[in-house]
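entry-v3.txt (compact mmCIF, C-alpha atoms and all ligand atoms)
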# COMPACT_ATOMS: atom_id res chain seq x y z
CA MET A 1 26.50 -15.60 -46.71
CA SER A 2 23.79 -13.52 -48.33
CA ARG A 3 24.83 -11.33 -51.22
CA PHE A 4 21.36 -10.48 -52.46
CA ASN A 5 19.55 -7.20 -52.49
CA VAL A 6 16.61 -8.02 -54.72
CA GLN A 7 13.43 -6.96 -52.90
CA SER A 8 10.97 -7.39 -55.73
CA VAL A 9 11.08 -8.13 -59.42
CA ILE A 10 9.36 -6.56 -62.39
CA PHE A 11 8.29 -9.30 -64.80
CA TRP A 12 7.53 -8.70 -68.46
CA PRO A 13 5.24 -11.46 -69.73
CA SER A 14 6.31 -12.51 -73.24
CA HIS A 15 2.87 -11.69 -74.71
CA SER A 16 2.60 -8.22 -73.18
CA THR A 17 4.50 -4.98 -72.90
CA ASN A 18 2.94 -4.28 -69.49
CA PRO A 19 5.25 -5.16 -66.61
CA ILE A 20 3.90 -6.98 -63.54
CA THR A 21 5.54 -6.38 -60.17
CA LEU A 22 6.15 -9.64 -58.35
CA PRO A 23 7.34 -10.16 -54.77
CA ALA A 24 11.02 -11.08 -54.39
CA PRO A 25 11.88 -14.69 -55.28
CA ILE A 26 12.27 -16.65 -52.05
CA ILE A 27 15.34 -18.41 -53.43
CA ASN A 28 17.16 -15.06 -53.31
CA GLN A 29 16.15 -14.54 -49.67
CA LEU A 30 16.90 -17.87 -48.01
CA ASP A 31 19.39 -16.36 -45.59
CA GLU A 32 16.82 -13.81 -44.40
CA LEU A 33 14.06 -16.38 -44.04
CA THR A 34 14.76 -17.20 -40.38
CA GLN A 35 14.20 -13.61 -39.36
CA TRP A 36 11.06 -13.29 -41.50
CA VAL A 37 9.59 -16.52 -40.07
CA ARG A 38 10.27 -15.23 -36.55
CA GLN A 39 8.46 -11.98 -37.40
CA GLN A 40 5.45 -14.11 -38.41
CA GLY A 41 5.46 -15.58 -34.87
CA GLN A 42 6.49 -19.01 -36.21
CA PRO A 43 9.16 -21.33 -34.77
CA PRO A 44 12.54 -21.58 -36.57
CA PHE A 45 11.91 -25.16 -37.78
CA ARG A 46 9.43 -23.74 -40.30
CA VAL A 47 12.47 -22.48 -42.28
CA ARG A 48 13.76 -26.05 -42.60
CA GLN A 49 10.36 -27.15 -43.82
CA VAL A 50 10.19 -24.43 -46.49
CA ILE A 51 13.72 -25.16 -47.69
CA LYS A 52 12.93 -28.88 -47.87
CA TRP A 53 9.86 -28.17 -49.98
CA ILE A 54 11.90 -26.06 -52.39
CA PHE A 55 14.92 -28.31 -52.86
CA GLU A 56 13.77 -31.82 -52.03
CA ASN A 57 10.05 -31.90 -52.65
CA ARG A 58 10.23 -29.78 -55.83
CA ALA A 59 7.23 -27.66 -54.80
CA LYS A 60 5.65 -25.58 -57.53
CA SER A 61 3.61 -23.39 -55.18
CA PHE A 62 3.50 -22.36 -51.51
CA GLU A 63 0.02 -23.92 -51.36
CA GLU A 64 1.64 -27.36 -51.83
CA MET A 65 3.64 -26.97 -48.60
CA THR A 66 0.98 -28.81 -46.66
CA ASP A 67 2.87 -29.30 -43.39
CA LEU A 68 2.95 -25.51 -42.91
CA PRO A 69 0.00 -23.73 -41.27
CA LYS A 70 -2.38 -22.26 -43.84
CA SER A 71 -1.75 -18.74 -42.50
CA LEU A 72 1.99 -19.11 -43.08
CA ARG A 73 1.46 -20.39 -46.63
CA VAL A 74 -0.72 -17.36 -47.37
CA ALA A 75 1.85 -14.99 -45.84
CA LEU A 76 4.64 -16.62 -47.84
CA ALA A 77 2.70 -16.21 -51.08
CA GLN A 78 2.02 -12.54 -50.26
CA HIS A 79 5.60 -11.79 -49.36
CA TYR A 80 7.60 -13.95 -51.79
CA SER A 81 7.36 -15.52 -55.21
CA LEU A 82 8.51 -19.11 -55.50
CA PHE A 83 10.12 -18.60 -58.92
CA SER A 84 11.18 -15.58 -60.93
CA VAL A 85 11.95 -17.35 -64.20
CA ARG A 86 9.76 -19.04 -66.78
CA ILE A 87 10.61 -21.70 -69.35
CA ALA A 88 10.51 -20.06 -72.80
CA LYS A 89 11.46 -23.23 -74.68
CA HIS A 90 12.07 -26.90 -73.86
CA GLU A 91 13.83 -29.18 -76.33
CA VAL A 92 14.41 -32.92 -76.02
CA SER A 93 16.99 -34.91 -77.97
CA ASN A 94 16.82 -38.61 -78.88
CA ASP A 95 19.79 -39.31 -76.60
CA GLY A 96 17.83 -38.08 -73.56
CA THR A 97 19.43 -34.64 -73.42
CA GLU A 98 16.98 -31.87 -72.55
CA LYS A 99 17.60 -28.19 -72.96
CA LEU A 100 15.71 -25.28 -71.44
CA LEU A 101 15.66 -21.72 -72.62
CA VAL A 102 14.94 -19.78 -69.43
CA GLN A 103 13.43 -16.30 -69.48
CA LEU A 104 14.45 -14.05 -66.60
CA PHE A 105 12.29 -11.43 -64.91
CA ASP A 106 13.74 -8.67 -67.10
CA GLY A 107 13.27 -10.59 -70.35
CA GLY A 108 16.89 -11.83 -70.50
CA LEU A 109 17.39 -15.36 -71.81
CA VAL A 110 19.80 -18.04 -70.63
CA GLU A 111 20.17 -21.73 -71.35
CA CYS A 112 20.64 -24.82 -69.23
CA VAL A 113 20.90 -28.48 -70.12
CA LEU A 114 20.17 -31.88 -68.55
CA LEU A 115 22.36 -34.73 -69.83
CA ARG A 116 21.61 -38.39 -69.19
CA ASP A 117 24.48 -40.85 -69.29
CA GLY A 118 23.91 -44.23 -67.62
CA ASP A 119 23.13 -43.44 -63.98
CA ARG A 120 24.48 -39.91 -64.31
CA ARG A 121 22.11 -36.98 -64.41
CA SER A 122 24.37 -34.03 -65.14
CA ILE A 123 23.25 -30.47 -65.57
CA CYS A 124 25.00 -27.59 -67.28
CA VAL A 125 24.02 -24.16 -65.97
CA SER A 126 24.58 -20.53 -67.06
CA SER A 127 26.12 -17.80 -64.92
CA GLN A 128 25.60 -14.64 -67.01
CA VAL A 129 23.30 -13.31 -69.73
CA GLY A 130 25.69 -13.41 -72.67
CA CYS A 131 29.43 -13.44 -72.16
CA ALA A 132 32.24 -10.88 -72.41
CA MET A 133 35.07 -13.33 -73.07
CA GLY A 134 34.51 -13.36 -76.84
CA CYS A 135 35.74 -16.89 -77.64
CA VAL A 136 35.50 -16.85 -81.42
CA PHE A 137 33.83 -20.26 -81.79
CA CYS A 138 31.06 -19.70 -79.23
CA ALA A 139 27.49 -18.53 -79.78
CA SER A 140 27.16 -17.16 -76.23
CA GLY A 141 29.79 -14.51 -76.67
CA LEU A 142 28.61 -13.18 -80.02
CA ASP A 143 26.54 -10.36 -78.50
CA GLY A 144 28.68 -9.54 -75.45
CA VAL A 145 27.49 -9.69 -71.85
CA MET A 146 24.23 -8.16 -70.60
CA ARG A 147 24.51 -8.84 -66.86
CA ASN A 148 25.44 -11.29 -64.13
CA LEU A 149 22.80 -13.74 -62.92
CA THR A 150 21.82 -13.58 -59.28
CA ALA A 151 22.55 -16.66 -57.18
CA GLY A 152 18.79 -17.29 -57.15
CA GLU A 153 18.62 -17.28 -60.95
CA ILE A 154 21.46 -19.80 -61.10
CA LEU A 155 19.66 -22.00 -58.56
CA GLU A 156 16.34 -21.67 -60.39
CA GLN A 157 17.96 -23.20 -63.48
CA MET A 158 19.02 -26.16 -61.34
CA LEU A 159 15.54 -26.52 -59.86
CA SER A 160 13.91 -26.25 -63.30
CA LEU A 161 16.13 -29.06 -64.60
CA GLN A 162 15.53 -31.14 -61.47
CA ARG A 163 11.79 -30.99 -62.22
CA LEU A 164 12.42 -32.72 -65.57
CA LEU A 165 13.51 -35.84 -63.68
CA PRO A 166 11.14 -38.49 -62.28
CA GLU A 167 10.68 -38.28 -58.50
CA ASP A 168 13.07 -41.17 -57.84
CA GLU A 169 15.94 -39.60 -59.82
CA ARG A 170 18.30 -36.90 -58.60
CA ILE A 171 20.79 -34.57 -60.23
CA SER A 172 24.20 -36.22 -59.79
CA HIS A 173 26.61 -33.68 -61.31
CA ILE A 174 26.67 -29.94 -61.95
CA VAL A 175 28.85 -28.16 -64.46
CA MET A 176 28.96 -24.37 -64.53
CA MET A 177 29.59 -24.39 -68.27
CA GLY A 178 26.55 -22.75 -69.80
CA MET A 179 26.38 -19.19 -70.96
CA GLY A 180 28.80 -16.73 -69.35
CA GLU A 181 32.10 -16.83 -67.51
CA PRO A 182 31.39 -18.11 -63.97
CA LEU A 183 34.44 -16.47 -62.45
CA ALA A 184 33.31 -13.07 -63.76
CA ASN A 185 30.37 -13.60 -61.35
CA VAL A 186 32.26 -15.54 -58.72
CA GLU A 187 30.37 -14.45 -55.58
CA ASN A 188 26.91 -15.32 -56.91
CA VAL A 189 28.20 -18.59 -58.37
CA VAL A 190 29.73 -19.57 -55.01
CA THR A 191 26.49 -18.70 -53.18
CA ALA A 192 24.43 -20.79 -55.62
CA LEU A 193 26.85 -23.71 -55.34
CA HIS A 194 26.72 -23.45 -51.57
CA TRP A 195 22.99 -24.33 -51.78
CA ALA A 196 23.57 -26.88 -54.53
CA SER A 197 26.02 -28.74 -52.32
CA ALA A 198 24.39 -28.14 -48.91
CA GLU A 199 22.74 -31.13 -47.24
CA ASN A 200 19.55 -29.12 -46.87
CA GLY A 201 19.90 -27.86 -50.45
CA LEU A 202 20.32 -30.13 -53.48
CA GLY A 203 22.87 -32.22 -51.56
CA ILE A 204 25.29 -32.70 -54.46
CA SER A 205 28.83 -33.53 -53.41
CA PRO A 206 31.29 -30.70 -54.22
CA ARG A 207 33.40 -33.43 -55.86
CA ARG A 208 30.66 -33.65 -58.48
CA ILE A 209 30.51 -29.92 -59.14
CA THR A 210 32.74 -28.33 -61.77
CA ILE A 211 33.32 -24.66 -62.48
CA SER A 212 34.42 -24.20 -66.07
CA THR A 213 36.39 -21.03 -66.77
CA VAL A 214 38.57 -19.44 -69.43
CA GLY A 215 40.80 -18.72 -66.44
CA LEU A 216 40.86 -15.29 -64.79
CA PRO A 217 43.82 -15.58 -62.38
CA PRO A 218 42.62 -13.07 -59.69
CA ALA A 219 39.18 -14.73 -59.68
CA ILE A 220 40.75 -18.20 -59.42
CA GLU A 221 42.57 -16.98 -56.32
CA LYS A 222 39.35 -15.49 -54.95
CA LEU A 223 37.53 -18.77 -55.56
CA ALA A 224 40.29 -20.58 -53.68
CA GLU A 225 39.73 -18.20 -50.74
CA LEU A 226 35.90 -18.26 -50.83
CA ASP A 227 35.30 -21.93 -51.41
CA SER A 228 37.78 -24.23 -53.08
CA ARG A 229 35.88 -27.49 -52.74
CA TYR A 230 34.84 -27.61 -56.40
CA HIS A 231 36.59 -28.91 -59.48
CA LEU A 232 38.06 -26.29 -61.73
CA ALA A 233 38.02 -26.88 -65.49
CA ILE A 234 40.12 -24.40 -67.41
CA SER A 235 39.27 -23.82 -71.06
CA LEU A 236 42.65 -23.68 -72.72
CA HIS A 237 41.77 -24.29 -76.39
CA ALA A 238 45.32 -23.47 -77.57
CA PRO A 239 48.81 -24.51 -76.53
CA ASN A 240 50.50 -21.12 -77.07
CA ASP A 241 49.66 -17.45 -76.50
CA GLU A 242 49.68 -16.53 -80.18
CA LEU A 243 46.89 -18.97 -81.00
CA ARG A 244 45.04 -18.51 -77.70
CA ASN A 245 44.96 -14.73 -78.21
CA GLN A 246 43.05 -15.38 -81.43
CA LEU A 247 40.66 -18.01 -80.08
CA VAL A 248 40.09 -16.65 -76.57
CA PRO A 249 40.69 -12.88 -76.92
CA VAL A 250 40.70 -12.25 -73.16
CA ASN A 251 44.00 -14.17 -73.14
CA LYS A 252 45.77 -11.04 -74.44
CA LYS A 253 45.29 -9.59 -70.93
CA ILE A 254 46.23 -12.84 -69.15
CA GLY A 255 48.71 -15.11 -70.92
CA ILE A 256 48.98 -18.86 -70.53
CA ALA A 257 51.88 -18.80 -68.02
CA PRO A 258 50.07 -16.70 -65.34
CA LEU A 259 46.96 -18.79 -65.94
CA LEU A 260 48.83 -22.04 -65.26
CA GLU A 261 50.35 -20.45 -62.16
CA ALA A 262 46.86 -19.59 -60.82
CA ALA A 263 45.68 -23.11 -61.69
CA ASP A 264 48.59 -24.60 -59.73
CA PHE A 265 47.67 -22.36 -56.77
CA TYR A 266 44.09 -23.63 -56.87
CA PHE A 267 45.35 -27.21 -56.95
CA ASP A 268 47.63 -26.54 -53.95
CA VAL A 269 44.79 -25.00 -51.91
CA SER A 270 42.00 -27.37 -52.89
CA GLY A 271 43.82 -30.61 -53.62
CA ARG A 272 41.37 -31.02 -56.50
CA LYS A 273 42.78 -32.49 -59.69
CA LEU A 274 42.61 -29.85 -62.45
CA THR A 275 40.87 -30.29 -65.76
CA PHE A 276 41.92 -28.49 -68.91
CA GLU A 277 39.35 -28.19 -71.69
CA TYR A 278 40.36 -28.07 -75.32
CA VAL A 279 37.80 -27.55 -78.09
CA LEU A 280 39.23 -29.16 -81.20
CA LEU A 281 38.69 -26.97 -84.29
CA ALA A 282 39.43 -28.42 -87.73
CA GLY A 283 42.61 -27.00 -89.27
CA ILE A 284 43.13 -24.49 -86.42
CA ASN A 285 44.30 -26.15 -83.21
CA ASP A 286 44.12 -29.84 -84.14
CA GLN A 287 47.52 -30.35 -85.77
CA PRO A 288 50.29 -32.67 -84.48
CA GLN A 289 52.46 -29.71 -83.42
CA HIS A 290 49.58 -28.43 -81.27
CA ALA A 291 49.34 -31.80 -79.51
CA GLU A 292 53.13 -31.75 -78.96
CA GLU A 293 53.06 -28.20 -77.48
CA LEU A 294 50.07 -29.05 -75.34
CA SER A 295 51.82 -32.07 -73.87
CA GLN A 296 54.81 -29.86 -73.03
CA ILE A 297 52.83 -27.22 -71.11
CA LEU A 298 50.75 -29.80 -69.22
CA TYR A 299 53.57 -32.19 -68.48
CA GLY A 300 54.08 -32.87 -64.77
CA ARG A 301 50.72 -31.44 -63.67
CA THR A 302 48.10 -33.50 -61.85
CA ALA A 303 45.51 -32.83 -64.47
CA ILE A 304 43.12 -34.31 -66.99
CA LEU A 305 42.87 -32.94 -70.50
CA ASN A 306 39.32 -32.97 -71.82
CA VAL A 307 39.22 -32.71 -75.60
CA ILE A 308 35.89 -31.75 -77.16
CA PRO A 309 35.53 -32.01 -80.95
CA TYR A 310 33.83 -28.77 -82.02
CA ASN A 311 30.04 -28.60 -82.14
CA PRO A 312 29.30 -26.43 -85.24
CA VAL A 313 27.44 -23.16 -84.64
CA GLU A 314 25.28 -21.67 -87.37
CA GLY A 315 26.84 -18.50 -88.74
CA LEU A 316 30.38 -19.36 -87.56
CA PRO A 317 33.04 -20.72 -89.92
CA PHE A 318 34.51 -23.47 -87.71
CA ARG A 319 34.26 -27.20 -88.42
CA THR A 320 34.58 -30.50 -86.56
CA PRO A 321 37.92 -32.26 -87.24
CA SER A 322 37.86 -35.61 -89.09
CA SER A 323 37.98 -38.79 -87.02
CA GLU A 324 41.52 -39.47 -88.36
CA THR A 325 42.73 -36.06 -87.13
CA ILE A 326 41.10 -36.61 -83.74
CA ALA A 327 42.72 -40.07 -83.44
CA ARG A 328 46.18 -38.67 -84.35
CA PHE A 329 45.81 -35.84 -81.80
CA ARG A 330 44.91 -38.36 -79.13
CA GLU A 331 47.78 -40.71 -79.97
CA ILE A 332 50.37 -37.96 -79.59
CA LEU A 333 49.05 -36.86 -76.21
CA GLU A 334 48.81 -40.40 -74.89
CA SER A 335 52.34 -41.16 -76.08
CA LYS A 336 53.49 -38.26 -73.84
CA ASN A 337 51.61 -39.71 -70.84
CA ILE A 338 49.02 -36.94 -70.72
CA VAL A 339 45.75 -38.15 -69.15
CA VAL A 340 43.30 -37.33 -71.88
CA LYS A 341 39.56 -37.86 -72.34
CA PHE A 342 37.57 -37.22 -75.46
CA ARG A 343 34.08 -36.03 -74.69
CA GLN A 344 31.10 -37.14 -76.73
CA ARG A 345 29.06 -34.41 -78.31
CA LYS A 346 25.74 -35.09 -76.67
CA GLY A 347 22.71 -33.03 -77.59
CA ASP A 348 23.92 -31.92 -81.03
CA LYS A 349 20.44 -32.24 -82.43
CA ILE A 350 19.03 -29.73 -80.00
CA ASN A 351 21.77 -27.15 -80.30
CA ALA A 352 23.33 -28.02 -76.97
CA ALA A 353 26.41 -25.96 -77.73
CA CYS A 354 26.26 -23.08 -75.31
CA GLY A 355 24.30 -20.06 -76.42
CA GLN A 356 22.85 -21.48 -79.62
CA LEU A 357 19.25 -21.80 -78.53
CA ARG A 358 19.23 -18.36 -76.94
CA ARG A 359 20.73 -16.85 -80.05
CA GLN A 360 18.03 -18.39 -82.24
CA LYS A 361 15.33 -16.99 -79.95
CA VAL A 362 16.88 -13.53 -79.81
CA GLN A 363 17.14 -13.52 -83.62
CA GLN A 364 13.50 -14.61 -83.90
CA LEU A 365 12.38 -11.88 -81.51
CA SER A 366 14.43 -9.18 -83.23
CA SER A 367 13.05 -10.23 -86.65
CA LEU A 368 9.54 -9.69 -85.23
CA SER A 369 10.24 -6.23 -83.84
S1 LIG B 1 33.07 -20.39 -74.53
FE1 LIG B 1 32.38 -19.81 -72.47
S2 LIG B 1 33.78 -18.14 -71.89
FE2 LIG B 1 33.98 -18.35 -74.11
S3 LIG B 1 32.49 -16.87 -74.95
FE3 LIG B 1 31.44 -18.86 -74.76
S4 LIG B 1 30.41 -18.76 -72.77
FE4 LIG B 1 32.00 -17.17 -72.78
Target encoding structure tokens, full file:
Amino acid sequence: MSRFNVQSVIFWPSHSTNPITLPAPIINQLDELTQWVRQQGQPPFRVRQVIKWIFENRAKSFEEMTDLPKSLRVALAQHYSLFSVRIAKHEVSNDGTEKLLVQLFDGGLVECVLLRDGDRRSICVSSQVGCAMGCVFCASGLDGVMRNLTAGEILEQMLSLQRLLPEDERISHIVMMGMGEPLANVENVVTALHWASAENGLGISPRRITISTVGLPPAIEKLAELDSRYHLAISLHAPNDELRNQLVPVNKKIGIAPLLEAADFYFDVSGRKLTFEYVLLAGINDQPQHAEELSQILYGRTAILNVIPYNPVEGLPFRTPSSETIARFREILESKNIVVKFRQRKGDKINAACGQLRRQKVQQLSSLS
């Protein structure tokens, strides 16, 4: 299922304007590895060993892959690079949340987060550099979209976060909810999640993997066709088109009714319970009539409503609702038998809201230039 064509990467070190040409990242070439290993005169089981070193043993270099013959390790290092990204910034919050700002080979920046909650080790991963959806309350969309991430770049975020864990801990959950709209990059996201869920990859059950989307109906259908084993979380943020058009501008081209139709299709194909996400913005979508409307459009669906009190973003005018407003919103929904969860805002202190850290860095860099 290879969809990669990267043969080599040009890397711009942060301290230099001179590019360095690196061999192609191996993570982008896993499907071609069998053929390459055969060309080296090595038996096919060497591929399994390499893949195990990457995903399970968290190798940082080919040299570490000590059960491979020395000659093969040297050939691997000449032909491939193990990683194409570098960590530009690493922040740790008191609640155990860790956030990485990841620099890509072309200088692009994306963010990913590790969240600790009891036994859970959840990671939140980006799918694009920037985002074209333009949600008005989000830092990621402020500068538009630069490009899609390759499947390898999505996987490298996962591997970078995995390396923050002690050896006896594993990633338990993945949420594609970082920077970007995953379904605008659906093929690469599906390829990355294939390796995330594969037994010889990260081995994470598809039940514990969530793709979070503003909801692009044709892409939801494509996802259902390509691989519908994952949870779908649809960012609704408003109970009617008038308000959603303002908060999630791409809605003008979609509309809530076709979106719900596509969501129902995904549920029919996958059997996975749907999640609807709703960022609660003070004075905008947090009023009793919004809760009433929301309960009407969700009524009868096998779904969970995830309400997230807004995480303020510097430079944007939105605020977190008061605890009384949040409680009233919840009461109304529960009285209508909507299954609703209110998510804690973990990682506030380290700007865990998507896109904030990247935006700070980009602003710093542009103030230097
Ligand atoms: S909330 Fe998600 S979809 Fe909307 S602009 Fe931000 S990253 Fe894009």
Contacts of A:Thr97 at 6 Å or less, counting only C-alpha atoms, minus same-chain residues fewer than 3 places along, as a PDB file with C-alpha atoms, in the coordinates of the input?
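Writing done, so here's part29.pdb:
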ATOM      1  CA  VAL A  92      14.410 -32.920 -76.020  1.00  0.00           C
ATOM      2  CA  SER A  93      16.990 -34.910 -77.970  1.00  0.00           C
ATOM      3  CA  LEU A 114      20.170 -31.880 -68.550  1.00  0.00           C
ATOM      4  CA  LEU A 115      22.360 -34.730 -69.830  1.00  0.00           C
ATOM      5  CA  GLY A 347      22.710 -33.030 -77.590  1.00  0.00           C
TER       6      GLY A 347
END
If you count all atoms listed in the file, which residues end up within 6 Å of ligand LIG 1 (chain B), as a PyMOL selection string?
chain A and resi 131+133-135+138+140-141+179-181+214
Two-atom distance - atom CA of A:Trp53, atom CA of A:Met65 (Å)
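Computing the Euclidean distance for atom CA of A:Trp53 and atom CA of A:Met65 yields 6.5 Å.
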By how many Å are atom CA of A:Ser122 and atom CA of A:Met177 apart?
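Atom-to-atom, atom CA of A:Ser122 and atom CA of A:Met177 are spaced 11.4 Å apart.
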Please, what distance in Å, to one decimal, runs between atom CA of A:Asn251 and atom CA of A:Lys336?
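Value for the atom CA of A:Asn251-atom CA of A:Lys336 distance: 25.9 Å.
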Neighbouring residues of A:Arg116 were defined as those with any atom within 6 Å, considering all atoms listed in the file; residues of the same chain fewer than 4 positions away were excluded. Please report them as a list of chain:residue names.
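Once the adjacent positions are removed, what remains is A:Gly96, A:Arg120, A:Arg121.
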Skipping near chain neighbours, those fewer than 2 positions away, what residues fall within 7 Å of A:Gly215 using all atoms listed in the file, listed as a PyMOL selection string?
chain A and resi 213+217+234+259
When you count all atoms listed in the file, which of these residues is closest to A:Glu293: A:Val269, A:Ala192, A:Leu76, A:Leu333?
A:Leu333
Proximity of stretch 127-220 of chain A to stretch 39-50 of chain A: per-residue shortest pair, 12 Å limit, all atoms listed in the file, as JSON lines:
{"residue": "A:Glu199", "atom": "CA", "partner": "A:Arg48", "partner_atom": "CA", "distance": 11.3}
{"residue": "A:Asn200", "atom": "CA", "partner": "A:Arg48", "partner_atom": "CA", "distance": 7.8}
{"residue": "A:Gly201", "atom": "CA", "partner": "A:Arg48", "partner_atom": "CA", "distance": 10.1}
Could you give me, as a list in words, the residues within 6 Å of stretch 306-313 of chain A, counting all atoms listed in the file and dropping anything in the same chain fewer than 5 positions from it?
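Near stretch 306-313 of chain A, the qualifying residues are Phe276, Glu277, Tyr278, Val279, Leu280, Leu281, Arg319, Thr320, Val340, Lys341, Phe342 and Arg343 of chain A.
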